[in-house]
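Novice: Below is the file query21.txt, which contains compact mmCIF, C-alpha atoms (C1' of nucleotides).
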```
# COMPACT_ATOMS: atom_id res chain seq x y z
CA MET A 9 200.70 -120.69 -65.90
CA GLN A 10 203.45 -119.21 -63.79
CA GLN A 11 202.80 -115.71 -62.53
CA THR A 12 206.09 -114.26 -61.42
CA GLU A 13 204.55 -110.96 -60.44
CA ASN A 14 206.04 -109.08 -63.33
CA ASP A 15 203.13 -106.85 -64.09
CA PRO A 16 204.95 -103.64 -65.04
CA VAL A 17 201.93 -101.40 -64.53
CA GLN A 18 203.01 -100.03 -61.15
CA ALA A 19 206.59 -99.43 -62.26
CA ILE A 20 205.45 -97.65 -65.41
CA ALA A 21 203.11 -95.51 -63.34
CA THR A 22 205.76 -94.07 -61.06
CA ARG A 23 208.32 -93.68 -63.81
CA LEU A 24 205.89 -91.90 -66.10
CA LYS A 25 205.09 -89.39 -63.38
CA ILE A 26 208.79 -88.80 -62.70
CA GLU A 27 209.53 -88.16 -66.38
CA ARG A 28 206.58 -85.84 -66.77
CA GLU A 29 207.04 -83.82 -63.60
CA GLY A 30 210.79 -83.72 -64.12
CA ARG A 31 210.11 -81.75 -67.29
CA GLY A 32 207.57 -79.56 -65.55
CA TRP A 33 204.81 -80.72 -67.89
CA SER A 34 201.16 -80.81 -66.90
CA LEU A 35 198.91 -83.65 -67.97
CA ALA A 36 197.53 -81.38 -70.67
CA GLU A 37 200.97 -80.56 -71.99
CA LEU A 38 202.08 -84.18 -72.16
CA ALA A 39 198.77 -85.03 -73.79
CA GLU A 40 199.44 -82.38 -76.41
CA ARG A 41 202.96 -83.62 -77.07
CA SER A 42 202.19 -87.32 -77.11
CA GLY A 43 198.71 -87.44 -78.60
CA VAL A 44 197.45 -89.46 -75.64
CA SER A 45 194.45 -88.08 -73.79
CA LYS A 46 195.17 -86.59 -70.41
CA ALA A 47 192.48 -88.76 -68.84
CA MET A 48 194.42 -91.82 -69.98
CA ILE A 49 197.73 -90.44 -68.75
CA SER A 50 196.16 -89.72 -65.39
CA LYS A 51 194.92 -93.30 -65.14
CA ILE A 52 198.27 -94.76 -66.12
CA GLU A 53 200.07 -92.65 -63.52
CA ARG A 54 197.68 -93.92 -60.86
CA SER A 55 198.15 -97.48 -62.19
CA GLU A 56 194.46 -97.74 -62.94
CA ALA A 57 195.08 -98.77 -66.53
CA SER A 58 197.48 -100.99 -68.41
CA PRO A 59 198.67 -98.96 -71.40
CA THR A 60 198.96 -100.60 -74.79
CA ALA A 61 202.22 -100.80 -76.67
CA THR A 62 200.97 -98.10 -79.00
CA VAL A 63 200.33 -95.67 -76.17
CA LEU A 64 203.66 -96.46 -74.53
CA GLY A 65 205.33 -95.74 -77.85
CA ARG A 66 203.68 -92.32 -78.08
CA LEU A 67 204.64 -91.44 -74.52
CA SER A 68 208.26 -92.48 -74.83
CA GLY A 69 208.37 -90.57 -78.10
CA ALA A 70 207.22 -87.41 -76.35
CA PHE A 71 210.08 -87.79 -73.88
CA GLY A 72 212.59 -88.42 -76.67
CA LEU A 73 213.46 -91.81 -75.22
CA PRO A 74 213.45 -95.24 -76.83
CA LEU A 75 210.69 -97.32 -75.34
CA SER A 76 213.13 -99.90 -74.06
CA VAL A 77 215.02 -97.26 -72.09
CA LEU A 78 211.84 -95.91 -70.55
CA LEU A 79 210.98 -99.42 -69.41
CA ALA A 80 214.52 -100.09 -68.25
CA LEU A 81 214.24 -97.03 -66.02
CA ALA A 82 210.85 -98.21 -64.81
CA GLU A 83 212.00 -101.74 -64.09
CA ARG A 84 214.90 -100.73 -61.89
CA ALA A 85 214.34 -101.87 -58.35
CA PRO A 86 214.24 -98.95 -55.90
CA GLU A 87 217.56 -99.83 -54.31
CA ARG A 88 220.28 -97.86 -52.63
CA VAL A 89 223.04 -98.89 -54.93
CA ALA A 90 223.02 -98.92 -58.73
CA LEU A 91 225.71 -101.19 -60.12
CA GLN A 92 227.29 -99.97 -63.30
CA ALA A 93 226.15 -103.03 -65.19
CA GLU A 94 222.54 -102.30 -64.28
CA GLN A 95 222.55 -98.69 -65.37
CA PRO A 96 220.46 -98.03 -68.48
CA VAL A 97 222.51 -96.62 -71.34
CA TRP A 98 221.22 -94.90 -74.41
CA THR A 99 223.32 -94.35 -77.51
CA ASP A 100 222.41 -92.20 -80.47
CA PRO A 101 223.58 -94.32 -83.41
CA GLU A 102 223.95 -91.27 -85.65
CA THR A 103 226.38 -89.29 -83.51
CA GLY A 104 227.75 -91.78 -81.02
CA TYR A 105 226.42 -89.69 -78.16
CA THR A 106 225.83 -91.90 -75.11
CA ARG A 107 223.97 -91.20 -71.91
CA ARG A 108 224.06 -93.40 -68.82
CA ALA A 109 221.58 -93.09 -65.96
CA VAL A 110 223.85 -93.45 -62.94
CA SER A 111 221.53 -92.86 -59.99
CA PRO A 112 219.34 -95.56 -58.46
CA ALA A 113 215.69 -95.39 -59.40
CA ASN A 114 213.34 -92.80 -57.95
CA SER A 115 216.04 -90.69 -56.38
CA ARG A 116 215.35 -87.06 -55.77
CA LEU A 117 218.72 -86.31 -57.30
CA GLU A 118 219.58 -87.75 -60.69
CA LEU A 119 223.03 -88.15 -62.16
CA LEU A 120 223.67 -88.69 -65.86
CA ASP A 121 227.04 -89.76 -67.24
CA VAL A 122 227.25 -88.38 -70.77
CA SER A 123 229.84 -88.91 -73.47
CA LEU A 124 229.80 -86.50 -76.40
CA PRO A 125 231.98 -87.35 -79.42
CA SER A 126 234.27 -84.77 -80.95
CA GLY A 127 232.54 -82.18 -83.11
CA VAL A 128 229.02 -83.25 -82.20
CA ARG A 129 226.28 -80.78 -81.23
CA VAL A 130 223.25 -81.79 -79.15
CA PRO A 131 220.27 -79.45 -78.74
CA TYR A 132 218.55 -79.14 -75.38
CA PRO A 133 215.22 -77.35 -75.57
CA ALA A 134 214.06 -75.17 -72.68
CA SER A 135 210.91 -77.22 -72.29
CA ALA A 136 213.01 -80.23 -71.35
CA PHE A 137 214.12 -78.88 -68.01
CA ALA A 138 211.63 -76.38 -66.73
CA PHE A 139 211.14 -76.70 -63.00
CA GLN A 140 214.47 -78.43 -62.61
CA HIS A 141 217.65 -77.35 -60.95
CA GLN A 142 220.74 -78.65 -62.66
CA GLN A 143 224.45 -78.46 -63.02
CA ILE A 144 226.93 -79.60 -65.63
CA TRP A 145 230.32 -80.87 -64.56
CA VAL A 146 232.98 -81.75 -67.10
CA LEU A 147 235.02 -84.85 -66.24
CA SER A 148 237.29 -84.87 -69.27
CA GLY A 149 237.64 -83.10 -72.60
CA ARG A 150 236.11 -79.73 -73.45
CA LEU A 151 232.53 -78.59 -73.72
CA ASP A 152 230.92 -75.51 -75.23
CA PHE A 153 227.56 -74.98 -73.64
CA GLN A 154 225.22 -72.46 -75.18
CA GLU A 155 222.57 -71.21 -72.78
CA GLY A 156 220.11 -68.96 -74.57
CA GLY A 157 222.30 -66.18 -75.96
CA VAL A 158 225.23 -66.88 -73.65
CA MET A 159 228.09 -69.23 -74.51
CA HIS A 160 230.05 -71.00 -71.78
CA HIS A 161 233.42 -72.58 -72.55
CA LEU A 162 233.98 -75.40 -70.10
CA ALA A 163 237.13 -77.42 -69.58
CA GLU A 164 238.05 -80.38 -67.41
CA GLY A 165 236.84 -79.91 -63.84
CA ASP A 166 234.57 -76.94 -64.60
CA CYS A 167 231.06 -76.95 -63.25
CA LEU A 168 228.18 -74.80 -64.48
CA LEU A 169 224.96 -74.01 -62.66
CA LEU A 170 222.08 -73.60 -65.09
CA GLY A 171 219.95 -70.49 -64.90
CA PRO A 172 216.26 -70.11 -65.78
CA PRO A 173 215.04 -72.33 -68.62
CA ALA A 174 216.33 -71.37 -72.05
CA ASP A 175 217.05 -73.16 -75.29
CA CYS A 176 220.51 -74.66 -74.92
CA SER A 177 222.94 -76.85 -76.82
CA PHE A 178 225.98 -78.94 -76.03
CA PHE A 179 228.96 -78.92 -78.38
CA ASN A 180 232.31 -80.66 -78.19
CA PRO A 181 234.97 -78.43 -79.81
CA GLY A 182 237.85 -80.76 -78.93
CA GLU A 183 239.57 -83.65 -80.62
CA VAL A 184 238.64 -86.26 -78.02
CA PRO A 185 235.23 -87.23 -76.64
CA ALA A 186 233.91 -84.98 -73.89
CA ARG A 187 232.70 -86.71 -70.76
CA TYR A 188 230.49 -84.78 -68.40
CA VAL A 189 227.98 -85.23 -65.63
CA VAL A 190 224.51 -83.74 -65.62
CA ALA A 191 223.13 -83.52 -62.09
CA LEU A 192 219.53 -82.50 -61.68
CA THR A 193 216.82 -82.34 -59.08
CA ARG A 194 213.23 -81.22 -59.09
CA ARG A 195 212.38 -78.03 -57.26
CA MET B 17 201.01 -83.76 -81.58
CA GLN B 18 204.15 -85.10 -83.17
CA GLN B 19 203.93 -88.61 -84.54
CA THR B 20 207.46 -89.86 -85.04
CA GLU B 21 206.32 -93.26 -86.21
CA ASN B 22 207.35 -95.01 -83.06
CA ASP B 23 204.51 -97.40 -82.81
CA PRO B 24 206.32 -100.48 -81.52
CA VAL B 25 203.56 -102.90 -82.56
CA GLN B 26 205.30 -104.18 -85.69
CA ALA B 27 208.65 -104.57 -83.96
CA ILE B 28 207.09 -106.45 -81.07
CA ALA B 29 205.29 -108.71 -83.49
CA THR B 30 208.38 -109.98 -85.27
CA ARG B 31 210.44 -110.22 -82.10
CA LEU B 32 207.77 -112.16 -80.27
CA LYS B 33 207.61 -114.70 -83.07
CA ILE B 34 211.39 -115.06 -83.09
CA GLU B 35 211.53 -115.67 -79.34
CA ARG B 36 208.69 -118.17 -79.45
CA GLU B 37 209.84 -120.16 -82.48
CA GLY B 38 213.43 -120.05 -81.31
CA ARG B 39 212.32 -122.05 -78.30
CA GLY B 40 210.27 -124.40 -80.43
CA TRP B 41 207.10 -123.40 -78.64
CA SER B 42 203.66 -123.51 -80.25
CA LEU B 43 201.09 -120.82 -79.62
CA ALA B 44 199.39 -123.20 -77.19
CA GLU B 45 202.59 -123.81 -75.27
CA LEU B 46 203.43 -120.13 -74.94
CA ALA B 47 199.83 -119.49 -73.92
CA GLU B 48 200.20 -122.10 -71.20
CA ARG B 49 203.46 -120.65 -69.95
CA SER B 50 202.46 -117.01 -70.06
CA GLY B 51 198.79 -117.11 -69.20
CA VAL B 52 197.93 -115.14 -72.34
CA SER B 53 195.40 -116.70 -74.68
CA LYS B 54 196.79 -118.12 -77.88
CA ALA B 55 194.28 -116.13 -79.90
CA MET B 56 195.80 -112.97 -78.47
CA ILE B 57 199.36 -114.12 -79.08
CA SER B 58 198.44 -114.90 -82.66
CA LYS B 59 197.02 -111.41 -83.11
CA ILE B 60 200.08 -109.76 -81.60
CA GLU B 61 202.42 -111.75 -83.84
CA ARG B 62 200.46 -110.60 -86.86
CA SER B 63 200.47 -107.03 -85.47
CA GLU B 64 196.69 -106.98 -85.40
CA ALA B 65 196.64 -105.92 -81.76
CA SER B 66 198.56 -103.58 -79.50
CA PRO B 67 199.31 -105.55 -76.33
CA THR B 68 198.90 -103.90 -72.95
CA ALA B 69 201.77 -103.54 -70.52
CA THR B 70 200.28 -106.33 -68.44
CA VAL B 71 200.30 -108.78 -71.34
CA LEU B 72 203.81 -107.78 -72.36
CA GLY B 73 204.91 -108.42 -68.79
CA ARG B 74 203.46 -111.93 -68.86
CA LEU B 75 205.08 -112.73 -72.20
CA SER B 76 208.53 -111.49 -71.26
CA GLY B 77 208.19 -113.40 -68.01
CA ALA B 78 207.56 -116.63 -69.91
CA PHE B 79 210.77 -116.05 -71.86
CA GLY B 80 212.72 -115.29 -68.68
CA LEU B 81 213.63 -111.84 -69.96
CA PRO B 82 213.13 -108.42 -68.38
CA LEU B 83 210.55 -106.50 -70.35
CA SER B 84 213.01 -103.76 -71.19
CA VAL B 85 215.37 -106.27 -72.80
CA LEU B 86 212.59 -107.81 -74.86
CA LEU B 87 211.72 -104.32 -76.08
CA ALA B 88 215.36 -103.46 -76.70
CA LEU B 89 215.67 -106.53 -78.90
CA ALA B 90 212.47 -105.56 -80.68
CA GLU B 91 213.55 -101.96 -81.21
CA ARG B 92 216.81 -102.77 -82.90
CA ALA B 93 216.75 -101.66 -86.49
CA PRO B 94 217.22 -104.57 -88.90
CA GLU B 95 220.69 -103.46 -89.92
CA ARG B 96 223.78 -105.27 -91.08
CA VAL B 97 226.04 -104.02 -88.36
CA ALA B 98 225.39 -103.98 -84.61
CA LEU B 99 227.65 -101.53 -82.83
CA GLN B 100 228.76 -102.62 -79.40
CA ALA B 101 227.12 -99.63 -77.77
CA GLU B 102 223.76 -100.62 -79.24
CA GLN B 103 223.84 -104.24 -78.14
CA PRO B 104 221.32 -105.06 -75.41
CA VAL B 105 222.94 -106.31 -72.24
CA TRP B 106 221.29 -108.12 -69.42
CA THR B 107 222.87 -108.52 -66.00
CA ASP B 108 221.64 -110.72 -63.20
CA PRO B 109 222.14 -108.50 -60.14
CA GLU B 110 222.35 -111.52 -57.82
CA THR B 111 225.25 -113.31 -59.50
CA GLY B 112 226.83 -110.72 -61.77
CA TYR B 113 226.18 -112.92 -64.78
CA THR B 114 225.93 -110.76 -67.92
CA ARG B 115 224.68 -111.61 -71.36
CA ARG B 116 225.14 -109.42 -74.42
CA ALA B 117 223.20 -109.91 -77.66
CA VAL B 118 225.93 -109.39 -80.25
CA SER B 119 224.18 -110.15 -83.54
CA PRO B 120 222.08 -107.62 -85.46
CA ALA B 121 218.35 -108.04 -85.11
CA ASN B 122 216.45 -110.78 -86.88
CA SER B 123 219.51 -112.73 -87.96
CA ARG B 124 219.15 -116.42 -88.60
CA LEU B 125 222.28 -116.90 -86.54
CA GLU B 126 222.47 -115.37 -83.09
CA LEU B 127 225.62 -114.72 -81.08
CA LEU B 128 225.60 -114.13 -77.34
CA ASP B 129 228.60 -112.81 -75.43
CA VAL B 130 228.33 -114.16 -71.90
CA SER B 131 230.37 -113.42 -68.80
CA LEU B 132 230.03 -115.83 -65.89
CA PRO B 133 231.59 -114.81 -62.55
CA SER B 134 233.79 -117.20 -60.63
CA GLY B 135 231.90 -119.90 -58.74
CA VAL B 136 228.52 -119.09 -60.23
CA ARG B 137 226.17 -121.77 -61.61
CA VAL B 138 223.47 -120.98 -64.17
CA PRO B 139 220.76 -123.53 -65.03
CA TYR B 140 219.64 -123.98 -68.63
CA PRO B 141 216.45 -126.00 -68.96
CA ALA B 142 215.94 -128.26 -71.98
CA SER B 143 212.74 -126.42 -72.91
CA ALA B 144 214.77 -123.27 -73.54
CA PHE B 145 216.51 -124.57 -76.63
CA ALA B 146 214.44 -127.25 -78.25
CA PHE B 147 214.57 -126.96 -82.02
CA GLN B 148 217.79 -125.01 -81.87
CA HIS B 149 221.27 -125.89 -82.96
CA GLN B 150 223.94 -124.37 -80.80
CA GLN B 151 227.56 -124.31 -79.82
CA ILE B 152 229.49 -122.97 -76.87
CA TRP B 153 232.90 -121.46 -77.38
CA VAL B 154 235.07 -120.37 -74.46
CA LEU B 155 236.98 -117.13 -75.02
CA SER B 156 238.69 -116.92 -71.65
CA GLY B 157 238.61 -118.66 -68.29
CA ARG B 158 237.22 -122.12 -67.63
CA LEU B 159 233.72 -123.52 -67.94
CA ASP B 160 232.12 -126.72 -66.66
CA PHE B 161 229.12 -127.50 -68.78
CA GLN B 162 226.73 -130.18 -67.61
CA GLU B 163 224.61 -131.62 -70.39
CA GLY B 164 222.06 -134.04 -68.98
CA GLY B 165 224.16 -136.65 -67.21
CA VAL B 166 227.39 -135.76 -69.02
CA MET B 167 229.89 -133.20 -67.74
CA HIS B 168 232.17 -131.30 -70.14
CA HIS B 169 235.23 -129.48 -68.85
CA LEU B 170 235.99 -126.63 -71.21
CA ALA B 171 239.04 -124.38 -71.25
CA GLU B 172 240.07 -121.36 -73.27
CA GLY B 173 239.52 -121.93 -76.99
CA ASP B 174 237.37 -125.07 -76.57
CA CYS B 175 234.14 -125.31 -78.48
CA LEU B 176 231.27 -127.67 -77.71
CA LEU B 177 228.44 -128.72 -80.02
CA LEU B 178 225.22 -129.31 -78.08
CA GLY B 179 223.38 -132.58 -78.57
CA PRO B 180 219.62 -133.20 -78.30
CA PRO B 181 217.79 -131.05 -75.74
CA ALA B 182 218.56 -131.92 -72.13
CA ASP B 183 218.60 -130.03 -68.86
CA CYS B 184 221.96 -128.30 -68.68
CA SER B 185 223.88 -125.94 -66.44
CA PHE B 186 226.87 -123.63 -66.75
CA PHE B 187 229.41 -123.43 -63.95
CA ASN B 188 232.63 -121.45 -63.61
CA PRO B 189 235.15 -123.47 -61.52
CA GLY B 190 237.94 -120.94 -61.97
CA GLU B 191 239.12 -117.90 -60.06
CA VAL B 192 238.44 -115.39 -62.82
CA PRO B 193 235.25 -114.68 -64.77
CA ALA B 194 234.58 -117.06 -67.66
CA ARG B 195 233.78 -115.42 -70.96
CA TYR B 196 232.15 -117.51 -73.63
CA VAL B 197 230.13 -117.28 -76.81
CA VAL B 198 226.82 -119.01 -77.34
CA ALA B 199 226.05 -119.35 -81.04
CA LEU B 200 222.64 -120.62 -82.02
CA THR B 201 220.41 -121.00 -85.02
CA ARG B 202 216.96 -122.38 -85.58
CA ARG B 203 216.64 -125.66 -87.44
C1' DG C 28 185.67 -60.65 -52.06
C1' DC C 29 185.52 -61.89 -57.54
C1' DT C 30 187.24 -63.60 -62.00
C1' DG C 31 189.68 -66.34 -65.18
C1' DA C 32 193.07 -69.70 -65.97
C1' DT C 33 195.06 -74.13 -65.03
C1' DC C 34 195.38 -78.16 -62.53
C1' DG C 35 194.05 -83.31 -61.97
C1' DT C 36 190.10 -86.34 -61.58
C1' DC C 37 185.66 -88.10 -62.92
C1' DT C 38 181.88 -89.34 -66.32
C1' DT C 39 180.20 -90.94 -70.56
C1' DT C 40 180.84 -93.13 -74.84
C1' DT C 41 183.38 -95.63 -78.31
C1' DA C 42 186.98 -98.54 -79.85
C1' DT C 43 189.48 -102.41 -79.19
C1' DA C 44 192.18 -105.62 -76.25
C1' DG C 45 191.53 -110.06 -74.44
C1' DT C 46 189.20 -114.69 -73.70
C1' DG C 47 187.20 -119.27 -74.79
C1' DG C 48 185.79 -122.23 -78.11
C1' DA C 49 185.08 -123.74 -82.92
C1' DC C 50 187.28 -124.43 -87.12
C1' DA C 51 190.11 -125.94 -91.30
C1' DA C 52 194.61 -127.09 -92.75
C1' DA C 53 198.74 -129.58 -92.03
C1' DA C 54 201.36 -133.00 -89.93
C1' DT C 55 201.77 -137.68 -87.77
C1' DA C 56 200.41 -142.28 -87.06
C1' DA C 57 198.28 -146.58 -87.95
C1' DT D 24 194.07 -144.47 -97.49
C1' DT D 25 191.71 -143.05 -92.73
C1' DA D 26 192.02 -141.54 -88.10
C1' DT D 27 194.31 -138.65 -84.67
C1' DT D 28 196.83 -135.03 -82.98
C1' DT D 29 198.63 -130.44 -83.41
C1' DT D 30 199.07 -126.38 -85.83
C1' DG D 31 197.44 -121.31 -86.40
C1' DT D 32 193.35 -118.46 -87.46
C1' DC D 33 188.57 -116.93 -87.00
C1' DC D 34 184.26 -115.93 -84.45
C1' DA D 35 181.25 -114.23 -80.65
C1' DC D 36 181.37 -112.23 -76.43
C1' DT D 37 183.18 -109.63 -72.41
C1' DA D 38 186.36 -106.59 -70.24
C1' DT D 39 188.67 -102.57 -70.44
C1' DA D 40 191.73 -99.17 -72.78
C1' DA D 41 191.24 -94.72 -74.79
C1' DA D 42 188.99 -90.23 -76.11
C1' DA D 43 186.21 -86.07 -75.32
C1' DG D 44 184.33 -83.18 -72.34
C1' DA D 45 182.41 -81.85 -67.69
C1' DC D 46 183.58 -80.96 -63.07
C1' DG D 47 185.41 -79.19 -58.58
C1' DA D 48 189.74 -77.66 -56.58
C1' DT D 49 193.58 -74.52 -56.41
C1' DC D 50 195.96 -70.36 -57.39
C1' DA D 51 196.95 -66.07 -59.60
C1' DG D 52 195.90 -61.27 -60.35
C1' DC D 53 192.76 -57.47 -59.53
```
How does the structure come out when it is put into structure tokens?
Specialist:
Amino acid sequence: MQQTENDPVQAIATRLKIEREGRGWSLAELAERSGVSKAMISKIERSEASPTATVLGRLSGAFGLPLSVLLALAERAPERVALQAEQPVWTDPETGYTRRAVSPANSRLELLDVSLPSGVRVPYPASAFAFQHQQIWVLSGRLDFQEGGVMHHLAEGDCLLLGPPADCSFFNPGEVPARYVVALTRR
Amino acid sequence: MQQTENDPVQAIATRLKIEREGRGWSLAELAERSGVSKAMISKIERSEASPTATVLGRLSGAFGLPLSVLLALAERAPERVALQAEQPVWTDPETGYTRRAVSPANSRLELLDVSLPSGVRVPYPASAFAFQHQQIWVLSGRLDFQEGGVMHHLAEGDCLLLGPPADCSFFNPGEVPARYVVALTRR
DNA sequence: GCTGATCGTCTTTTATAGTGGACAAAATAA
DNA sequence: TTATTTTGTCCACTATAAAAGACGATCAGC
């Protein structure tokens, strides 16, 4: 009977567009990757449709995000300050890799606080960051970053500006977890 | 194109039933509270329908949970161990109250790790825990727990067994945050 | 200018989500 | 027992989510 105005359609709309455009994907490309028709994606992004759980699952899958994290990002109020306790965190249970979305919602500049356990390698396909400008800044520990054919050895305090899109991977060669910041913005 | 089997319909089904039955609500009662027809709720619980974002928003609203938390609870693999990093946390941005779901998914016994800031009061309506058996155990700090007309003053180490459903409220009279465990099981 | 490719939206059609009411089974009461 | 209330499921119908393809706009290269 109560209607506390928590229809998530609008929030999903804007977040979906951010995730898609952030990766430089067209409607057709996301449709290809997710199996959802581009007409439907277009409607969802314009909040002209309320996607089913099934469709949301396919979309979050295409982004490589758990559905709950996608919605957590969508639900965040567009505020100036993002308290640590409110920041969505995603942990890969297999490796212990964790990623925290630091920036408030809908910012032009996004900051990710990442912790990479010792000895773990994380791939980062070129398609994931086309049309983005980004830097990697190591807060603590060591990080080997492979960018296409080039290998960068980063230590505490180092900051790397990423070049044109290439298949990359993160690797922690040290004994302790590596903590680094990924800062990115759309062109 | 990929289909990584992340259709959340089944997970939502079982979680929805847990949340509803945990509160002792019938289909009709949840329908009344959420504005979703009981026929539809029945279908969702039997995973015979894929609810839209709008419907999910209404349901999570009836439970007083953010949609992302409901989904996070649903997404948790039914494992024996729940690593701290995987436990869904919910923070009330107004008061700083945080609640962490400690137990693995779908357990008969649920443990919540709650942190209540100094001076904050949290209401707890009787309807929220009908048909549940529960105890409150203070880990640190002090907690005033009002149960109907009775007031309990709890200090570190104290444990209170809740009586029949009544309107309750938590209050932290101390200077430091109160940390306590809520343990509950369905009858 | 033209051409072809790619973009997002719009149109049509189908599948199904969602509602309201009827129903049988189970529980509760008298 | 019988009557009454409450439970969850099923049915018929409507609303709309979703797919497939057409369409005009934009932009590149020639």
Novice: For a test of reading the model, state the distance in Å between atom CA of Val138 of chain B and atom CA of Phe186 of chain B, rounded to one decimal.
Specialist: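 Computed distance, atom CA of Val138 of chain B to atom CA of Phe186 of chain B, equals 5.0 Å.
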Novice: I'd like the contact shell of Gly165 of chain A - 10 Å cut-off, all atoms listed in the file, skipping same-chain residues fewer than 4 positions apart - returned as a PDB file with C-alpha atoms, keeping the file's coordinate frame.
Specialist:
```
ATOM      1  CA  TRP A 145     230.320 -80.870 -64.560  1.00  0.00           C
ATOM      2  CA  VAL A 146     232.980 -81.750 -67.100  1.00  0.00           C
ATOM      3  CA  LEU A 147     235.020 -84.850 -66.240  1.00  0.00           C
ATOM      4  CA  SER A 148     237.290 -84.870 -69.270  1.00  0.00           C
ATOM      5  CA  GLY A 149     237.640 -83.100 -72.600  1.00  0.00           C
ATOM      6  CA  ARG A 150     236.110 -79.730 -73.450  1.00  0.00           C
ATOM      7  CA  TYR A 188     230.490 -84.780 -68.400  1.00  0.00           C
TER       8      TYR A 188
END
```
Novice: Taking all atoms listed in the file into account, name the residue in A:Val122, A:Val190, A:Leu38, A:Leu162 that is nearest to chain B.
Specialist: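 Under the stated criterion, the closest residue is A:Leu38.
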Novice: Any idea which chain D residues end up within 12 Å of chain B if we count all atoms listed in the file, as a count of residues only please?
Specialist: 8
Novice: Please return as a PyMOL selection string every residue within 12 Å of (227.1, -91.8, -79.3), taking into account only C-alpha atoms (C1' of nucleotides) and the file's own coordinates.
Specialist: (chain A and resi 97-108+122-130+185-187) or (chain B and resi 99-102)
Novice: Just C-alpha atoms for this one: save the residues we selected as an mmCIF file, in the frame of the given file.
Specialist:
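Result file is part_21.cif:
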```cif
data_model
loop_
_atom_site.group_PDB
_atom_site.id
_atom_site.type_symbol
_atom_site.label_atom_id
_atom_site.label_comp_id
_atom_site.auth_asym_id
_atom_site.auth_seq_id
_atom_site.Cartn_x
_atom_site.Cartn_y
_atom_site.Cartn_z
ATOM 1 C CA VAL A 97 222.510 -96.620 -71.340
ATOM 2 C CA TRP A 98 221.220 -94.900 -74.410
ATOM 3 C CA THR A 99 223.320 -94.350 -77.510
ATOM 4 C CA ASP A 100 222.410 -92.200 -80.470
ATOM 5 C CA PRO A 101 223.580 -94.320 -83.410
ATOM 6 C CA GLU A 102 223.950 -91.270 -85.650
ATOM 7 C CA THR A 103 226.380 -89.290 -83.510
ATOM 8 C CA GLY A 104 227.750 -91.780 -81.020
ATOM 9 C CA TYR A 105 226.420 -89.690 -78.160
ATOM 10 C CA THR A 106 225.830 -91.900 -75.110
ATOM 11 C CA ARG A 107 223.970 -91.200 -71.910
ATOM 12 C CA ARG A 108 224.060 -93.400 -68.820
ATOM 13 C CA VAL A 122 227.250 -88.380 -70.770
ATOM 14 C CA SER A 123 229.840 -88.910 -73.470
ATOM 15 C CA LEU A 124 229.800 -86.500 -76.400
ATOM 16 C CA PRO A 125 231.980 -87.350 -79.420
ATOM 17 C CA SER A 126 234.270 -84.770 -80.950
ATOM 18 C CA GLY A 127 232.540 -82.180 -83.110
ATOM 19 C CA VAL A 128 229.020 -83.250 -82.200
ATOM 20 C CA ARG A 129 226.280 -80.780 -81.230
ATOM 21 C CA VAL A 130 223.250 -81.790 -79.150
ATOM 22 C CA PRO A 185 235.230 -87.230 -76.640
ATOM 23 C CA ALA A 186 233.910 -84.980 -73.890
ATOM 24 C CA ARG A 187 232.700 -86.710 -70.760
ATOM 25 C CA LEU B 99 227.650 -101.530 -82.830
ATOM 26 C CA GLN B 100 228.760 -102.620 -79.400
ATOM 27 C CA ALA B 101 227.120 -99.630 -77.770
ATOM 28 C CA GLU B 102 223.760 -100.620 -79.240
#
```
Novice: Contacts from chain B to chain C, 12 Å maximum, all atoms listed in the file: show me the residue list as a ChimeraX atom specification.
Specialist: /B:47,51-60,64-71
Novice: As an exercise, work out the distance from atom CA of Leu75 of chain B to atom CA of Leu32 of chain B in Å and give it to one decimal place.
Specialist: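 So the answer is 8.5 Å.
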Novice: Could you work out how far atom CA of Gln18 of chain A lies from atom CA of Arg66 of chain A, giving the answer in Å with one decimal?
Specialist: 18.6 Å
Novice: Of the candidates A:Arg84, A:Arg28, A:Arg54, A:Arg23, which one gets nearest to chain B if we count only C-alpha atoms?
Specialist: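 For chain B, the nearest of the given residues is A:Arg84.
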Novice: Quick one: 8 Å padding each side, axis-aligned, all listed atoms of segment 28-47 of chain C - centre and edge lengths in Å to one decimal, as AutoDock Vina command-line options?
Specialist:
```
--center_x 187.8 --center_y -90.0 --center_z -66.0 --size_x 31.2 --size_y 74.6 --size_z 43.8
```
